[in-house]
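Trainee: Got a structure here, written out as structure tokens. Questions coming.
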Amino acid sequence: MKQGTGAGWPIRRAWGAAVMVLGGAMAQSGCISVNAPDKPIVIELNINIKQEVIYRLAEDVKQNIDANPEIF
Amino acid sequence: MVMRKQEILGTGRAAIYAVMALALGSIAAPSWAQRDPAYAAARAAGQIGEKTDGYLGVIAGGADVRKLADDLNIKRRANYTERARAQNATVEEYAFTQGCLLIARTVPGEKYQGPDGSWQTRGNGAPQRDSRCP
């Protein structure tokens with residue numbers, strides 16, 4: 001009996017450790033699988049530019065092309 | 001005396017004609033006529049394209065094409081900075097608005113950047129532009 005329980009503990013401990021390691025790994029990964037997108041990620045840096053500003057600048061921008069044709 | 005007057009009148013008229021011809025010529029000349037020939041050639045060949053941010057992008061070609069685009073982009077940045085300040089706008093706002101117009105002014109065969117960032121070849125129809133473009 002004593003020997004039996006003595007032998008049972010390390011096994012149970014080993015199981016416990018295995019579960020903890022597995023749990024830890026799962027917790028670390030958060031159980032979320034991340035797949036790389038097949039399309040390139042485009043970071044839209046101009047998203048903060050408002051349409052009303054663009055419309056306000058439209059006329060000046062037009063004149064700018066006529067004033068500096070060599071850089072356009 | 002009379003002859004001299006006529007002479008003056010004659011030269012005056014010639015001068016007026018010259019000024020008129022000059023004015024007509026400058027109106028008729030397209031804006032791309034003042035482009036550097038190497039730049040014009042790179043645009044026509046699809047090596048340099050107009051980006052949505054108001055600057056030029058290099059699609060193909062060697063170091064010389066890259067140098068050409070870099071040089072013009074530096075000049076554009078300086079120009080945008082100056083004009084944005086006068087308009088109380090940010091350089092990015094001004095440059096983006098300029099990009100809208102520059103893409104609209106591309107001619108068939110030239111490259112431009114679509115709203116998704118991909119390179120497009122201008123066809124006969126209107127180019128694909130950002131929905132905010134005027």
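Please note that chains go A, B, ... in the order of the structure tokens, that every chain numbers its residues from 1, and that ligands are numbered from 1 in the order shown.
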When you get a sec, could you note down which chain B residues fall within 7 Å of chain A, using only C-alpha atoms, as a VMD selection string?
Mentor: chain B and resid 31 to 32 34 to 35 72 75 to 76 93 to 94 97 to 98 132 to 134
Trainee: DSSP on the backbone, then: every residue of range 38-91 of chain B marked strand (DSSP E or B), written as a PyMOL selection string.
Mentor: chain B and resi 48-50+56-58
Trainee: For each of B:Val91, B:Thr52, B:Ala78, B:Pro127, take the minimum atom-to-atom distance to Thr106 in chain B, counting only C-alpha atoms, then give the residue where this is smallest.
Mentor: B:Pro127
